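Below: structure_0.txt (compact mmCIF, C-alpha atoms)
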```txt
# COMPACT_ATOMS: atom_id res chain seq x y z
CA MET J 370 9.18 -6.02 -3.31
CA ASN J 371 9.79 -8.34 -6.25
CA PHE J 372 11.62 -11.51 -5.23
CA LEU J 373 10.70 -13.48 -8.37
CA TRP J 374 14.37 -14.00 -9.23
CA VAL J 375 14.93 -16.05 -6.06
CA TYR J 376 12.56 -18.76 -7.32
CA ASN J 377 15.20 -19.74 -9.87
CA ILE J 378 17.32 -20.95 -6.94
CA LYS J 379 16.71 -24.35 -5.34
CA GLU J 380 14.95 -24.15 -1.98
CA TRP J 381 17.80 -25.56 0.11
CA GLN J 382 20.28 -23.29 -1.65
CA LEU J 383 18.07 -20.25 -1.04
CA LEU J 384 17.68 -21.17 2.63
CA LEU J 385 21.43 -21.59 2.98
CA LEU J 386 22.09 -18.31 1.14
CA ILE J 387 19.71 -16.26 3.31
CA VAL J 388 20.84 -17.84 6.59
CA VAL J 389 24.55 -17.48 5.77
CA LEU J 390 23.99 -13.85 4.74
CA PHE J 391 22.24 -13.04 8.02
CA VAL J 392 24.87 -14.88 10.08
CA LEU J 393 27.70 -13.09 8.28
CA ILE J 394 26.07 -9.71 8.89
CA GLY J 395 25.51 -10.58 12.55
CA VAL J 396 28.89 -12.10 13.36
CA VAL J 397 31.03 -9.74 11.27
CA GLY J 398 29.16 -6.76 12.70
CA LEU J 399 29.74 -8.10 16.20
CA LEU J 400 33.49 -8.56 15.65
CA ILE J 401 33.82 -5.05 14.18
CA THR J 402 31.80 -3.23 16.84
CA GLU J 403 32.84 -5.26 19.92
CA PRO J 404 35.98 -3.25 20.86
CA SER J 405 34.17 0.09 20.57
CA ILE J 406 31.11 -1.14 22.50
CA LYS J 407 33.28 -2.52 25.32
CA ARG J 408 35.09 0.80 25.65
CA TRP J 409 31.78 2.63 25.65
CA LEU J 410 29.81 0.39 28.01
CA GLY J 411 32.63 -0.86 30.20
CA SER J 412 33.29 -4.30 31.69
CA PRO J 413 30.63 -6.97 32.26
CA PRO J 414 27.97 -7.06 33.54
CA SER J 415 27.91 -3.40 32.52
CA SER J 416 24.44 -2.62 31.13
CA ASN J 417 23.68 -6.21 30.08
CA ASP J 418 20.47 -6.34 32.10
CA LEU J 419 19.14 -3.26 30.34
CA ILE J 420 20.18 -4.57 26.91
CA ALA J 421 18.72 -8.02 27.65
CA ASN J 422 15.39 -6.50 28.69
CA PHE J 423 15.31 -4.33 25.59
CA LEU J 424 16.21 -7.31 23.39
CA GLN J 425 13.43 -9.30 24.99
CA ILE J 426 10.86 -6.57 24.37
CA ILE J 427 11.74 -5.94 20.73
CA GLY J 428 12.13 -9.68 20.21
CA VAL J 429 8.57 -10.25 21.35
CA PHE J 430 7.15 -7.52 19.10
CA TYR J 431 9.23 -8.62 16.11
CA GLY J 432 8.46 -12.28 16.75
CA ILE J 433 4.74 -11.54 16.79
CA THR J 434 5.08 -9.58 13.55
CA LEU J 435 7.01 -12.38 11.87
CA GLY J 436 4.53 -14.94 13.13
CA LEU J 437 1.51 -12.99 11.89
CA VAL J 438 3.09 -12.41 8.49
CA SER J 439 4.01 -16.11 8.22
CA VAL J 440 0.45 -17.16 9.13
CA ALA J 441 -1.02 -14.64 6.67
CA THR J 442 1.31 -15.87 3.91
CA TRP J 443 0.40 -19.48 4.60
CA GLY J 444 -3.28 -18.49 4.67
CA GLU J 445 -2.94 -16.90 1.23
CA TYR J 446 -1.16 -20.02 -0.04
CA SER J 447 -4.01 -22.22 1.24
CA LYS J 448 -6.57 -19.86 -0.28
CA VAL J 449 -4.91 -20.09 -3.70
CA ASP J 450 -4.84 -23.89 -3.45
CA GLU J 451 -8.52 -23.87 -2.55
CA ILE J 452 -9.39 -21.60 -5.50
CA SER J 453 -7.61 -23.93 -7.93
CA SER J 454 -9.33 -27.00 -6.48
CA LYS J 455 -12.69 -25.25 -6.75
CA GLU J 456 -12.17 -24.33 -10.39
CA ALA J 457 -11.06 -27.87 -11.23
CA SER J 458 -14.07 -29.32 -9.42
CA LEU J 459 -16.45 -27.01 -11.28
CA LEU J 460 -14.96 -28.07 -14.62
CA GLY J 461 -15.51 -31.70 -13.64
CA CYS J 462 -19.11 -31.01 -12.64
CA MET J 463 -19.74 -29.18 -15.92
CA TYR J 464 -18.30 -32.10 -17.86
CA LYS J 465 -20.62 -34.53 -16.09
CA GLY J 466 -23.56 -32.15 -16.45
CA ALA J 467 -22.99 -31.90 -20.20
CA THR J 468 -23.91 -35.60 -20.47
CA ALA J 469 -27.56 -34.69 -19.92
CA PHE J 470 -27.67 -32.40 -22.97
CA PRO J 471 -28.90 -33.71 -26.32
CA GLU J 472 -26.52 -34.26 -29.21
CA PRO J 473 -24.69 -32.52 -30.82
CA VAL J 474 -24.53 -30.01 -27.95
CA ARG J 475 -23.39 -32.74 -25.55
CA SER J 476 -20.26 -33.63 -27.54
CA GLU J 477 -19.46 -29.99 -28.31
CA MET J 478 -19.64 -28.98 -24.65
CA LYS J 479 -17.59 -31.95 -23.48
CA ASN J 480 -14.89 -31.24 -26.04
CA GLU J 481 -14.71 -27.59 -25.05
CA ILE J 482 -14.62 -28.29 -21.29
CA LYS J 483 -11.90 -30.88 -21.85
CA GLY J 484 -9.99 -28.38 -24.01
CA ILE J 485 -10.23 -25.69 -21.30
CA THR J 486 -8.88 -28.10 -18.69
CA ARG J 487 -6.05 -29.21 -20.96
CA TYR J 488 -5.22 -25.56 -21.71
CA ILE J 489 -4.94 -24.75 -17.99
CA ILE J 490 -2.61 -27.70 -17.38
CA LYS J 491 -0.42 -27.44 -20.47
CA GLU J 492 -0.35 -23.73 -21.29
CA ALA J 493 -1.74 -21.48 -18.54
CA TRP J 494 0.06 -23.09 -15.62
CA PRO J 495 3.62 -22.76 -17.02
CA ILE J 496 2.86 -19.07 -17.66
CA GLN J 497 1.62 -18.63 -14.08
CA GLN J 498 4.80 -20.24 -12.75
CA LYS J 499 6.73 -17.35 -14.32
CA GLY J 500 4.62 -14.82 -12.40
CA LEU J 501 2.65 -13.81 -15.51
CA ILE J 502 -1.11 -13.76 -16.07
CA PRO J 503 -2.18 -16.02 -18.98
CA GLU J 504 -4.32 -14.31 -21.59
CA GLY J 505 -7.74 -15.59 -22.54
CA GLY J 506 -8.91 -18.93 -21.21
CA ARG J 507 -10.70 -20.59 -24.14
CA THR J 508 -14.12 -20.12 -22.55
CA ALA J 509 -15.71 -18.02 -25.33
CA ARG J 510 -16.59 -21.04 -27.46
CA LEU J 511 -18.16 -22.87 -24.51
CA GLU J 512 -20.12 -19.76 -23.59
CA ASN J 513 -21.51 -19.51 -27.13
CA ILE J 514 -22.58 -23.14 -27.14
CA LEU J 515 -24.26 -22.77 -23.78
CA TYR J 516 -26.10 -19.52 -24.54
CA ASN J 517 -27.20 -20.69 -27.99
CA PHE J 518 -28.84 -23.78 -26.55
CA GLN J 519 -32.62 -23.56 -26.56
CA PRO J 520 -34.20 -25.87 -23.97
CA LYS J 521 -37.44 -27.41 -25.23
CA THR J 522 -38.66 -29.35 -22.20
CA GLU J 523 -38.87 -28.67 -18.48
CA ASN J 524 -36.12 -31.19 -17.89
CA GLU J 525 -33.84 -29.43 -20.35
CA LYS J 526 -34.59 -26.11 -18.68
CA ILE J 527 -33.44 -27.49 -15.33
CA ILE J 528 -30.32 -29.00 -16.90
CA PHE J 529 -29.52 -25.74 -18.69
CA SER J 530 -30.05 -23.68 -15.52
CA ASN J 531 -27.72 -25.93 -13.49
CA GLU J 532 -25.05 -25.91 -16.19
CA LEU J 533 -25.25 -22.13 -16.53
CA ALA J 534 -24.81 -21.71 -12.76
CA LEU J 535 -21.76 -24.01 -12.84
CA PHE J 536 -20.32 -22.05 -15.77
CA ASN J 537 -20.70 -18.70 -13.98
CA SER J 538 -19.11 -20.13 -10.82
CA MET J 539 -16.23 -21.51 -12.89
CA ILE J 540 -15.65 -18.10 -14.52
CA GLU J 541 -15.61 -16.50 -11.09
CA ALA J 542 -13.10 -19.06 -9.79
CA ARG J 543 -10.91 -18.51 -12.87
CA ARG J 544 -10.96 -14.75 -12.23
CA ASP J 545 -10.01 -15.33 -8.58
CA ARG J 546 -7.12 -17.57 -9.68
CA LYS J 547 -5.76 -14.94 -12.05
CA GLU J 548 -6.03 -12.21 -9.42
CA THR J 549 -3.82 -14.18 -7.02
CA ILE J 550 -1.00 -14.82 -9.52
CA THR J 551 0.79 -11.50 -8.93
CA SER J 552 -0.51 -10.72 -5.44
CA GLY J 553 2.44 -10.66 -3.06
CA LEU J 554 3.22 -8.91 0.20
CA PRO J 555 3.47 -5.09 -0.09
CA ASP J 556 6.95 -3.57 -0.24
CA VAL J 557 6.45 -1.63 2.99
CA LEU J 558 5.92 -4.88 4.90
CA TYR J 559 9.22 -6.28 3.65
CA TRP J 560 10.99 -3.07 4.70
CA VAL J 561 9.50 -3.45 8.19
CA LEU J 562 10.68 -7.07 8.35
CA PHE J 563 14.22 -6.24 7.24
CA ILE J 564 14.52 -3.20 9.50
CA GLY J 565 13.21 -5.24 12.42
CA ALA J 566 15.71 -8.02 11.65
CA ALA J 567 18.57 -5.51 11.58
CA ILE J 568 17.51 -3.97 14.93
CA ASN J 569 17.26 -7.38 16.63
CA ILE J 570 20.63 -8.57 15.34
CA CYS J 571 22.37 -5.26 16.09
CA THR J 572 21.00 -5.25 19.65
CA THR J 573 22.89 -8.49 20.40
CA TRP J 574 26.12 -6.61 19.68
CA PHE J 575 25.57 -4.44 22.76
CA LEU J 576 25.77 -7.40 25.14
CA VAL J 577 29.16 -7.22 26.88
CA SER J 578 30.61 -10.67 27.64
CA THR J 579 33.94 -12.10 28.75
CA LYS J 580 33.20 -15.19 26.66
CA LYS J 581 33.56 -14.09 23.08
CA GLY J 582 32.63 -17.48 21.65
CA LEU J 583 29.33 -17.51 23.55
CA HIS J 584 28.53 -14.02 22.33
CA ILE J 585 29.17 -15.08 18.74
CA ILE J 586 26.93 -18.14 19.16
CA ILE J 587 24.06 -16.03 20.55
CA THR J 588 24.31 -13.58 17.66
CA ALA J 589 24.57 -16.38 15.10
CA MET J 590 21.56 -18.25 16.50
CA THR J 591 19.47 -15.08 16.47
CA SER J 592 20.50 -14.47 12.85
CA ILE J 593 19.69 -18.08 11.85
CA LEU J 594 16.21 -17.90 13.39
CA ILE J 595 15.33 -14.58 11.74
CA GLY J 596 16.80 -15.63 8.38
CA SER J 597 14.86 -18.92 8.40
CA LEU J 598 11.54 -17.20 9.03
CA ILE J 599 12.16 -14.61 6.33
CA PHE J 600 13.07 -17.46 3.94
CA LEU J 601 9.74 -19.10 4.74
CA ILE J 602 7.83 -15.88 4.01
CA ILE J 603 9.65 -15.28 0.72
CA THR J 604 9.11 -18.82 -0.60
CA MET J 605 5.36 -18.73 0.11
CA ASP J 606 4.79 -15.13 -1.02
CA TYR J 607 3.92 -16.10 -4.61
CA PRO J 608 1.96 -19.39 -4.37
CA TYR J 609 2.25 -20.28 -8.07
CA ILE J 610 6.01 -19.77 -8.40
CA GLY J 611 8.89 -21.98 -7.32
CA LYS J 612 9.12 -25.59 -6.24
CA PHE J 613 7.12 -24.93 -3.07
CA SER J 614 4.03 -23.85 -4.98
CA VAL J 615 0.47 -24.79 -5.86
CA THR J 616 0.48 -27.42 -8.62
CA PRO J 617 -2.12 -28.23 -11.32
CA GLU J 618 -2.67 -31.63 -9.69
CA ALA J 619 -6.39 -30.95 -9.08
CA TYR J 620 -6.93 -30.27 -12.79
CA GLN J 621 -4.86 -33.30 -13.78
CA LEU J 622 -6.99 -35.57 -11.59
CA ILE J 623 -10.23 -34.19 -13.07
CA TYR J 624 -8.81 -34.48 -16.58
CA SER J 625 -7.76 -38.11 -16.19
CA ASP J 626 -10.47 -39.48 -13.85
CA VAL J 627 -13.56 -37.57 -14.98
CA MET J 628 -12.77 -36.64 -18.59
CA GLY J 629 -10.88 -39.79 -19.46
CA GLY J 630 -7.57 -38.08 -20.26
```
Would you encode the structure as structure tokens?
Amino acid sequence: MNFLWVYNIKEWQLLLLIVVLFVLIGVVGLLITEPSIKRWLGSPPSSNDLIANFLQIIGVFYGITLGLVSVATWGEYSKVDEISSKEASLLGCMYKGATAFPEPVRSEMKNEIKGITRYIIKEAWPIQQKGLIPEGGRTARLENILYNFQPKTENEKIIFSNELALFNSMIEARRDRKETITSGLPDVLYWVLFIGAAINICTTWFLVSTKKGLHIIITAMTSILIGSLIFLIITMDYPYIGKFSVTPEAYQLIYSDVMGG
């Protein structure tokens, strides 16, 4: 389910919007259905014990589902952050490793590695933040330089082998980063979450109480809790998009500290 449009809204506004929407659905639904439910179920305590037990059971199952989805979403967010840090670290290691190459290969490799890092920060990252996969990656030139190098000594062979291994690992990390740009939760999971939210909120309507204000508060609090957790899942679903997202800070640190800006 594509929620990319919500990332154009500020986080606190999105939280308020989702929570208010859930509370309105819960409270308005309660006020509309209360007279009919009272006539159907009778006076308190009526079947409150049965409803409370049912609410507790579905609440546990839904709470576990929400918790697992939240943990999985956070895990994916952490994984994406780790992939970006790994790629940035590999670029830094390649830049340092290029120092051991003879000229003019040394300068050519350093310029290309620095250009790749600058491209990720300045061009690729803004594209990723729109939920799009950036084309290319400016690695072809670096690959040509590396594969055209002919080591002449044993020392150069070792240096070349290490640099080639770093290059292949960097390409793999770049591929992993691109694969995670558009990977969000499947639509069916969102449908389960929304259906479960509706069932939990609607179940509170069947509690028969003489204190209408208390009943409204219970329904509103249930709606606030569910809405807040769904907000958390939505904001972390696409780790590169929105204010609460993975930043190019790792690349910026490598670019300024290792490559000299």
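In this structure, CA of Val561 in chain J sits 13.5 Å away from CA of Gly436 in chain J.
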Taking all atoms listed in the file into account, name the residue in J:Phe529, J:Ile610, J:Ser453, J:Val440 that is nearest to Arg475 in chain J.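 Using all atoms listed in the file, the shortest distance to Arg475 in chain J belongs to J:Phe529.
The spacing separating CA of Gln498 in chain J from CA of Ile485 in chain J amounts to 18.1 Å.
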Using all atoms listed in the file, which residues sit within 12 Å of Asp626 in chain J once same-chain residues fewer than 6 positions away are excluded, as a PyMOL selection string? chain J and resi 457-458+461+464-465+483+618-620
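CA of Ile489 in chain J to CA of Gly506 in chain J spans 7.7 Å [interatomic distance, one decimal].
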Residues near Thr616 in chain J, anyone? I mean within 9 Å using all atoms listed in the file, not counting same-chain ones fewer than 5 positions away, as a ChimeraX atom specification. /J:450,453,494,609
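Nearest residue to Trp381 in chain J among J:Asn531, J:Ser447, J:Thr434, J:Ser597 is J:Ser597, counting all atoms listed in the file.
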Got a sec: who's within 10 Å of Phe518 in chain J, counting all atoms listed in the file, leaving out chain neighbours fewer than 2 positions off, as a PyMOL selection string? chain J and resi 470-471+474+513-516+520-521+525+529
Between J:Val627, J:Ile550, J:Leu511, J:Leu598, smallest distance to Pro495 in chain J by all atoms listed in the file belongs to J:Ile550
So, counting all atoms listed in the file, which residue among J:Leu459, J:Met605, J:Leu393, J:Tyr488 is closest to Ile623 in chain J? J:Leu459
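Taking all atoms listed in the file into account, Ile599 in chain J lies nearest to J:Phe563 out of the set J:Arg543, J:Phe563, J:Glu477, J:Tyr624.
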Could you name the residues that touch Lys612 in chain J at 9 Å or less, counting all atoms listed in the file, but leaving out those on the same chain fewer than 4 positions away, as a ChimeraX atom specification? /J:376,379-380,604
Taking all atoms listed in the file into account, which of J:Val615, J:Leu535, J:Ile496, J:Ile394 comes nearest Thr591 in chain J?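 Result for the nearest residue to Thr591 in chain J: J:Ile394.
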Skip Leu384 in chain J itself and residues of its chain fewer than 6 positions away, then list as a list in words all residues within 12 Å of it, counting all atoms listed in the file.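 Skipping anything fewer than 6 positions along the chain leaves Val375, Tyr376, Ile378, Leu390, Phe391, Ile593, Leu594, Ile595, Gly596, Ser597, Leu598, Ile599, Phe600, Leu601, Ile602, Ile603 and Thr604 of chain J.
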Box for range 379-384 of chain J - axis-aligned, 3 Å on each of the six sides, all listed atoms - centre and size in Å to one decimal, as AutoDock Vina command-line options.
```
--center_x 17.6 --center_y -22.9 --center_z -1.4 --size_x 11.3 --size_y 11.3 --size_z 14.0
```
